[in-house]
Amino acid sequence: MLFDVYGPNAGFQWLGLAMVLIALILLNEFARRTKAGSIFMFFGVCGAMTVYCLAVEIGAASGAEWAVNNPTHTDMNSWFHYAKVYAATAGCIGFMMLKYSWGKIGRSHWFKAFPFVIVAINILIAVVSDFESAFRAFGTTWVSTEGVTLYGGWHNVFNGIAGLLNIACMTGWFGIYISKKRQDMLWPDMTWVFIIAYDLWNFCYTYNCLPTHSWYCGIALLLAPTIAGLIWNKGGWIQNRAFTLSIWCMFCQMVPMFVNDSVFAVQSVNNPDVNLGVSIVALAANIAALAYIVYRAKKLGVNPYKQEAFVGTKDFQKAMERRADTAYLLETEPASATAAEIAEMVAYNELPAEGESGYVYVAVEKDEQ
């Protein structure tokens with residue numbers, strides 16, 4: 001068994017998993033469907049969290065008892081948690097810039113690579129954390145600043161490598177589209193191949209390095225975007241992932257008692273042999289995913305990063321079919337959009353749903369007169 005979900009609290013633990021999963025799915029829908037919902041979650045709530053965390057840390061630094069003993073200070077003080085919450089939220093804001101065509105940056109061709117960059121940064125944060133455990137305590141244990149006992153060993157090394165491979169599994173960096181009603185930023189080339197490889201890697205990371213949180217962030221937090229991305233929000237998985245990750249991280253920064261000290265708290269078995277087995281599965285999955293991407297790239301004769309590698313597949317086509325009509329995009333495009341930006345948007349949006357192998361469009365340098 002991977003988790004200690006036995007005993008008198010087992011019912012609460014399973015209930016907690018269901019509650020977190022449902023809440024994340026619903027909050028993701030709230031955030032993605034309207035501009036107001038997104039702004040509220042990723043500017044309003046994140047701003048409130050920042051003020052709260054600053055107040056706690058300033059109070060703790062001054063020796064105030066209420067702050068020194070505050071769970072946000074004692075249980076969520078590591079570099080990883082703060083890096084993760086702000087990196088995830090930065091991703092959410094960047095995705096909003098793309099889907100709402102905010103400013104010149106949000107309409108720029110080069111900014112379409114932002115989803116790749118911010119996801120790679122988020123993965124690297126976790127990879128560094130995995131390698132940190134291996135470096136600090138290879139073959140033994142160490143206690144984090146949050147009082148969590150962690151094992152270091154080959155499981156960290158294997159999963160760190162899996163994370164690096166997972167970055168290489170992100171293809172079609174510039175194939176970013178806008179869905180109907182501008183509800184989603186779509187990345188059609190991010191199909192189930194990447195999603196499954198990512199989920200296995202990330203589950204292993206949480207299992208290795210967040211044993212007190214893994215029940216929720218390794219299962220519910222991964223299932224929420226995956227369920228939406230594979231069923232009703234094709235092509236929108238990465239936005240689902242960013243939104244749910246940011247929401248969960250903000251919740252944990254302010255209410256860490258839920259996962260650490262309540263009847264809903266769950267510990268992993270925290271056994272290095274089990275960790276090793278999980279890491280081998282994650283590494284094998286990412287090797288297989290990358291090998292398949294190389295195979296498809298050679299088959300199509302494309303650079304899988306500049307062009308889309310999953311053109312013609314069922315998932316890719318379903319995601320492309322969710323694009324907004326060109327007429328709607330033209331109506332909602334900001335008045336400040338240049339002729340080159342509009343031409344680029346139209347060119348991408350007019351591609352057939354099955355895609356076009358090797359297609360690359362680069363906007364002209366100057367506006368057409």
# chains A, B, ... in the order shown; residues from 1 in each chain; ligands from 1
call {"tool": "residues_around", "arguments": {"residues": "A:Ala88", "least_positions_apart": "2", "cutoff": "9 Å", "atoms": "only C-alpha atoms", "output": "ChimeraX atom specification"}}
result
/A:83-86,90-93,118-119,122,241-243,245-247,249
call {"tool": "write_last_selection", "arguments": {"atoms": "all heavy atoms", "output": "compact mmCIF listing (two decimals), in the first residue's frame"}}
result
# COMPACT_ATOMS: atom_id res chain seq x y z
N ALA A 83 8.29 29.04 -4.02
CA ALA A 83 8.64 29.06 -5.44
C ALA A 83 7.49 28.47 -6.26
O ALA A 83 7.13 28.98 -7.33
CB ALA A 83 9.92 28.26 -5.67
N LYS A 84 6.89 27.41 -5.74
CA LYS A 84 5.84 26.71 -6.50
C LYS A 84 4.57 27.54 -6.62
O LYS A 84 3.97 27.63 -7.69
CB LYS A 84 5.52 25.38 -5.81
CG LYS A 84 4.85 24.37 -6.71
CD LYS A 84 5.79 23.90 -7.80
CE LYS A 84 5.16 22.83 -8.66
NZ LYS A 84 6.06 22.44 -9.76
N VAL A 85 4.14 28.17 -5.54
CA VAL A 85 2.88 28.91 -5.59
C VAL A 85 2.99 30.09 -6.54
O VAL A 85 2.07 30.37 -7.32
CB VAL A 85 2.43 29.36 -4.18
CG1 VAL A 85 3.35 30.41 -3.58
CG2 VAL A 85 1.00 29.88 -4.23
N TYR A 86 4.14 30.77 -6.55
CA TYR A 86 4.25 31.94 -7.42
C TYR A 86 4.58 31.55 -8.86
O TYR A 86 4.15 32.22 -9.80
CB TYR A 86 5.27 32.93 -6.85
CG TYR A 86 4.74 33.63 -5.63
CD1 TYR A 86 5.28 33.40 -4.37
CD2 TYR A 86 3.67 34.51 -5.73
CE1 TYR A 86 4.77 34.03 -3.24
CE2 TYR A 86 3.15 35.14 -4.60
CZ TYR A 86 3.70 34.89 -3.37
OH TYR A 86 3.18 35.51 -2.25
N ALA A 90 2.15 32.57 -11.83
CA ALA A 90 2.71 33.27 -12.99
C ALA A 90 2.27 32.58 -14.27
O ALA A 90 1.95 33.23 -15.28
CB ALA A 90 4.23 33.30 -12.91
N GLY A 91 2.23 31.24 -14.25
CA GLY A 91 1.73 30.50 -15.41
C GLY A 91 0.28 30.84 -15.71
O GLY A 91 -0.10 31.07 -16.86
N CYS A 92 -0.54 30.90 -14.67
CA CYS A 92 -1.96 31.22 -14.85
C CYS A 92 -2.13 32.59 -15.50
O CYS A 92 -2.93 32.77 -16.43
CB CYS A 92 -2.69 31.20 -13.51
SG CYS A 92 -2.70 29.60 -12.68
N ILE A 93 -1.37 33.57 -15.02
CA ILE A 93 -1.48 34.93 -15.56
C ILE A 93 -1.00 34.98 -17.00
O ILE A 93 -1.60 35.63 -17.86
CB ILE A 93 -0.71 35.91 -14.66
CG1 ILE A 93 -1.38 36.00 -13.28
CG2 ILE A 93 -0.63 37.30 -15.31
CD1 ILE A 93 -0.57 36.74 -12.24
N ILE A 118 7.27 28.28 -18.77
CA ILE A 118 6.81 28.29 -17.39
C ILE A 118 6.57 26.87 -16.86
O ILE A 118 6.83 26.59 -15.68
CB ILE A 118 5.53 29.16 -17.22
CG1 ILE A 118 5.29 29.49 -15.74
CG2 ILE A 118 4.31 28.49 -17.84
CD1 ILE A 118 6.36 30.36 -15.12
N VAL A 119 6.13 25.96 -17.73
CA VAL A 119 5.97 24.57 -17.29
C VAL A 119 7.34 23.96 -17.02
O VAL A 119 7.53 23.24 -16.02
CB VAL A 119 5.20 23.75 -18.34
CG1 VAL A 119 5.14 22.27 -17.92
CG2 VAL A 119 3.78 24.28 -18.49
N ASN A 122 8.50 25.14 -13.68
CA ASN A 122 7.80 24.43 -12.61
C ASN A 122 8.35 23.02 -12.43
O ASN A 122 8.49 22.54 -11.29
CB ASN A 122 6.30 24.39 -12.90
CG ASN A 122 5.56 25.61 -12.37
OD1 ASN A 122 5.14 25.64 -11.22
ND2 ASN A 122 5.42 26.62 -13.21
N ARG A 241 -4.12 22.39 -15.34
CA ARG A 241 -3.07 22.04 -14.38
C ARG A 241 -2.56 23.27 -13.65
O ARG A 241 -2.42 23.28 -12.42
CB ARG A 241 -1.91 21.34 -15.11
CG ARG A 241 -0.65 21.11 -14.27
CD ARG A 241 -0.92 20.29 -13.03
NE ARG A 241 0.31 20.06 -12.28
CZ ARG A 241 0.36 19.58 -11.05
NH1 ARG A 241 -0.76 19.27 -10.42
NH2 ARG A 241 1.51 19.38 -10.45
N ALA A 242 -2.30 24.33 -14.40
CA ALA A 242 -1.80 25.56 -13.77
C ALA A 242 -2.82 26.14 -12.81
O ALA A 242 -2.48 26.54 -11.68
CB ALA A 242 -1.43 26.58 -14.85
N PHE A 243 -4.08 26.20 -13.24
CA PHE A 243 -5.12 26.78 -12.39
C PHE A 243 -5.29 25.99 -11.10
O PHE A 243 -5.35 26.56 -10.02
CB PHE A 243 -6.44 26.84 -13.16
CG PHE A 243 -6.56 27.98 -14.14
CD1 PHE A 243 -5.43 28.65 -14.59
CD2 PHE A 243 -7.79 28.37 -14.63
CE1 PHE A 243 -5.53 29.70 -15.49
CE2 PHE A 243 -7.91 29.42 -15.53
CZ PHE A 243 -6.77 30.10 -15.96
N LEU A 245 -3.22 23.85 -9.71
CA LEU A 245 -2.00 23.86 -8.90
C LEU A 245 -1.89 25.16 -8.11
O LEU A 245 -1.58 25.15 -6.91
CB LEU A 245 -0.78 23.70 -9.81
CG LEU A 245 0.59 23.74 -9.12
CD1 LEU A 245 0.72 22.64 -8.07
CD2 LEU A 245 1.71 23.62 -10.16
N SER A 246 -2.14 26.29 -8.77
CA SER A 246 -2.08 27.57 -8.08
C SER A 246 -3.11 27.63 -6.94
O SER A 246 -2.79 28.05 -5.82
CB SER A 246 -2.33 28.71 -9.07
OG SER A 246 -2.38 29.95 -8.40
N ILE A 247 -4.32 27.21 -7.22
CA ILE A 247 -5.38 27.24 -6.21
C ILE A 247 -5.02 26.37 -5.01
O ILE A 247 -5.16 26.78 -3.85
CB ILE A 247 -6.72 26.80 -6.83
CG1 ILE A 247 -7.22 27.85 -7.84
CG2 ILE A 247 -7.78 26.54 -5.75
CD1 ILE A 247 -8.35 27.36 -8.73
N CYS A 249 -1.97 25.35 -4.06
CA CYS A 249 -0.82 25.88 -3.34
C CYS A 249 -1.21 27.06 -2.46
O CYS A 249 -0.72 27.19 -1.33
CB CYS A 249 0.27 26.30 -4.33
SG CYS A 249 1.12 24.91 -5.13
call {"tool": "residues_around", "arguments": {"residues": "stretch 128-134 of chain A", "least_positions_apart": "6", "cutoff": "9 Å", "atoms": "only C-alpha atoms", "output": "list of chain:residue names"}}
result
A:Phe80, A:Thr141, A:Trp142, A:Leu150, A:Tyr151, A:Gly152, A:Gly153, A:Trp154, A:His155, A:Asn156, A:Val157, A:Asn159, A:Gly160, A:Tyr205, A:Asn208, A:Cys209
call {"tool": "closest_residue", "arguments": {"among": "A:Asn303, A:Thr72, A:Gln253, A:Ser336", "to": "A:Phe174", "atoms": "only C-alpha atoms"}}
result
A:Asn303
call {"tool": "closest_residue", "arguments": {"among": "A:Ser279, A:Met185, A:Thr338, A:Val346", "to": "A:Arg322", "atoms": "only C-alpha atoms"}}
result
A:Met185
call {"tool": "residues_around", "arguments": {"residues": "A:Asp75", "least_positions_apart": "3", "cutoff": "7 Å", "atoms": "only C-alpha atoms", "output": "list in words"}}
result
Pro71, Thr72, Glu146 and Pro256 of chain A
call {"tool": "write_last_selection", "arguments": {"atoms": "N, CA, C and O atoms", "output": "short mmCIF file (atom, residue, chain, number, x, y, z; two decimals), in the first residue's frame"}}
result
data_model
loop_
_atom_site.label_atom_id
_atom_site.label_comp_id
_atom_site.auth_asym_id
_atom_site.auth_seq_id
_atom_site.Cartn_x
_atom_site.Cartn_y
_atom_site.Cartn_z
N PRO A 71 0.85 27.80 11.69
CA PRO A 71 1.21 26.70 10.81
C PRO A 71 1.81 27.14 9.47
O PRO A 71 2.63 26.42 8.89
N THR A 72 1.43 28.32 8.97
CA THR A 72 2.03 28.81 7.73
C THR A 72 3.53 29.03 7.92
O THR A 72 4.32 28.77 7.02
N GLU A 146 10.49 22.13 7.60
CA GLU A 146 9.09 22.01 7.99
C GLU A 146 8.85 20.80 8.89
O GLU A 146 7.71 20.44 9.17
N PRO A 256 -2.53 25.05 6.05
CA PRO A 256 -1.76 23.80 6.01
C PRO A 256 -2.25 22.77 7.02
O PRO A 256 -1.93 21.58 6.90
#
call {"tool": "atom_distance", "arguments": {"atom1": "atom CA of A:Ala55", "atom2": "atom CA of A:Gln267"}}
result
29.4 Å
call {"tool": "atom_distance", "arguments": {"atom1": "atom CA of A:Lys318", "atom2": "atom CA of A:Glu331"}}
result
24.0 Å
call {"tool": "atom_distance", "arguments": {"atom1": "atom CA of A:Gly16", "atom2": "atom CA of A:Phe194"}}
result
28.0 Å
call {"tool": "select_by_dssp", "arguments": {"residues": "stretch 50-175 of chain A", "states": "strand (DSSP E or B)", "output": "PyMOL selection string"}}
result
chain A and resi 138+141-143+149-152
call {"tool": "write_last_selection", "arguments": {"atoms": "C-alpha atoms", "output": "compact mmCIF listing (two decimals), in the first residue's frame"}}
result
# COMPACT_ATOMS: atom_id res chain seq x y z
CA PHE A 138 21.87 9.67 0.00
CA THR A 141 17.23 10.52 6.04
CA TRP A 142 17.12 14.24 6.64
CA VAL A 143 14.53 16.49 8.25
CA THR A 149 11.48 13.28 7.44
CA LEU A 150 12.69 12.58 3.90
CA TYR A 151 14.75 9.73 2.45
CA GLY A 152 17.50 10.43 -0.05
call {"tool": "closest_residue", "arguments": {"among": "A:Leu17, A:Ile58, A:Ala228, A:Ala197", "to": "A:His213", "atoms": "only C-alpha atoms"}}
result
A:Leu17
call {"tool": "closest_residue", "arguments": {"among": "A:Tyr361, A:Tyr198, A:Trp237, A:Phe251", "to": "A:Met41", "atoms": "only C-alpha atoms"}}
result
A:Phe251
call {"tool": "residues_around", "arguments": {"residues": "A:Ser214", "least_positions_apart": "5", "cutoff": "12 Å", "atoms": "only C-alpha atoms", "output": "PyMOL selection string"}}
result
chain A and resi 2-4+17+202-209+219-222+259-260+265-270
call {"tool": "closest_residue", "arguments": {"among": "A:Glu333, A:Glu354, A:Glu308, A:Asp261", "to": "A:Ile176", "atoms": "only C-alpha atoms"}}
result
A:Glu308
call {"tool": "closest_residue", "arguments": {"among": "A:Cys217, A:Phe264, A:Ala87, A:Leu186", "to": "A:Tyr6", "atoms": "only C-alpha atoms"}}
result
A:Phe264
call {"tool": "select_by_dssp", "arguments": {"residues": "stretch 107-261 of chain A", "states": "alpha helix (DSSP H)", "output": "ChimeraX atom specification"}}
result
/A:114-136,154-168,192-209,214-215,221-231,237-254,257-260
call {"tool": "residues_around", "arguments": {"residues": "A:Val263", "least_positions_apart": "6", "cutoff": "12 Å", "atoms": "only C-alpha atoms", "output": "PyMOL selection string"}}
result
chain A and resi 5+7-17+257
call {"tool": "write_last_selection", "arguments": {"atoms": "C-alpha atoms", "output": "compact mmCIF listing (two decimals), in the first residue's frame"}}
result
# COMPACT_ATOMS: atom_id res chain seq x y z
CA VAL A 5 -5.24 5.08 5.08
CA GLY A 7 -7.75 3.04 11.21
CA PRO A 8 -10.38 5.34 12.72
CA ASN A 9 -9.71 8.25 10.34
CA ALA A 10 -9.83 6.25 7.10
CA GLY A 11 -13.34 7.45 6.26
CA PHE A 12 -12.33 11.08 6.74
CA GLN A 13 -9.20 10.56 4.65
CA TRP A 14 -11.13 9.18 1.67
CA LEU A 15 -13.77 11.86 2.13
CA GLY A 16 -11.03 14.50 2.14
CA LEU A 17 -9.65 13.14 -1.15
CA MET A 257 -3.54 22.29 9.03
call {"tool": "residues_around", "arguments": {"residues": "A:Gly37", "least_positions_apart": "3", "cutoff": "12 Å", "atoms": "only C-alpha atoms", "output": "JSON, numbers by chain"}}
result
{"A": [26, 27, 28, 29, 30, 31, 32, 33, 34, 40, 41, 42, 43, 44, 45, 96, 183, 243]}
call {"tool": "residues_around", "arguments": {"residues": "A:Val294", "least_positions_apart": "3", "cutoff": "12 Å", "atoms": "only C-alpha atoms", "output": "ChimeraX atom specification"}}
result
/A:168-171,287-291,297-305,308-310
call {"tool": "decode", "arguments": {"residues": "stretch 86-98 of chain A", "atoms": "N, CA, C and O atoms", "output": "tab-separated table (two decimals), in the first residue's frame"}}
result
chain	number	residue	atom	x	y	z
A	86	TYR	N	4.14	30.77	-6.55
A	86	TYR	CA	4.25	31.94	-7.42
A	86	TYR	C	4.58	31.55	-8.86
A	86	TYR	O	4.15	32.22	-9.80
A	87	ALA	N	5.31	30.47	-9.05
A	87	ALA	CA	5.56	30.00	-10.42
A	87	ALA	C	4.27	29.51	-11.07
A	87	ALA	O	4.01	29.79	-12.25
A	88	ALA	N	3.46	28.79	-10.30
A	88	ALA	CA	2.18	28.31	-10.83
A	88	ALA	C	1.26	29.48	-11.16
A	88	ALA	O	0.60	29.51	-12.21
A	89	THR	N	1.21	30.48	-10.26
A	89	THR	CA	0.34	31.63	-10.50
A	89	THR	C	0.84	32.46	-11.68
A	89	THR	O	0.04	33.00	-12.45
A	90	ALA	N	2.15	32.57	-11.83
A	90	ALA	CA	2.71	33.27	-12.99
A	90	ALA	C	2.27	32.58	-14.27
A	90	ALA	O	1.95	33.23	-15.28
A	91	GLY	N	2.23	31.24	-14.25
A	91	GLY	CA	1.73	30.50	-15.41
A	91	GLY	C	0.28	30.84	-15.71
A	91	GLY	O	-0.10	31.07	-16.86
A	92	CYS	N	-0.54	30.90	-14.67
A	92	CYS	CA	-1.96	31.22	-14.85
A	92	CYS	C	-2.13	32.59	-15.50
A	92	CYS	O	-2.93	32.77	-16.43
A	93	ILE	N	-1.37	33.57	-15.02
A	93	ILE	CA	-1.48	34.93	-15.56
A	93	ILE	C	-1.00	34.98	-17.00
A	93	ILE	O	-1.60	35.63	-17.86
A	94	GLY	N	0.10	34.27	-17.29
A	94	GLY	CA	0.59	34.22	-18.66
A	94	GLY	C	-0.40	33.58	-19.61
A	94	GLY	O	-0.60	34.04	-20.75
A	95	PHE	N	-1.06	32.53	-19.15
A	95	PHE	CA	-2.07	31.86	-19.99
A	95	PHE	C	-3.26	32.79	-20.23
A	95	PHE	O	-3.87	32.78	-21.30
A	96	MET	N	-3.60	33.58	-19.21
A	96	MET	CA	-4.67	34.57	-19.38
A	96	MET	C	-4.28	35.61	-20.42
A	96	MET	O	-5.10	36.04	-21.24
A	97	MET	N	-3.03	36.04	-20.41
A	97	MET	CA	-2.55	37.00	-21.40
A	97	MET	C	-2.70	36.45	-22.82
A	97	MET	O	-3.07	37.18	-23.74
A	98	LEU	N	-2.45	35.17	-22.96
A	98	LEU	CA	-2.56	34.56	-24.29
A	98	LEU	C	-4.02	34.40	-24.72
A	98	LEU	O	-4.38	34.76	-25.84
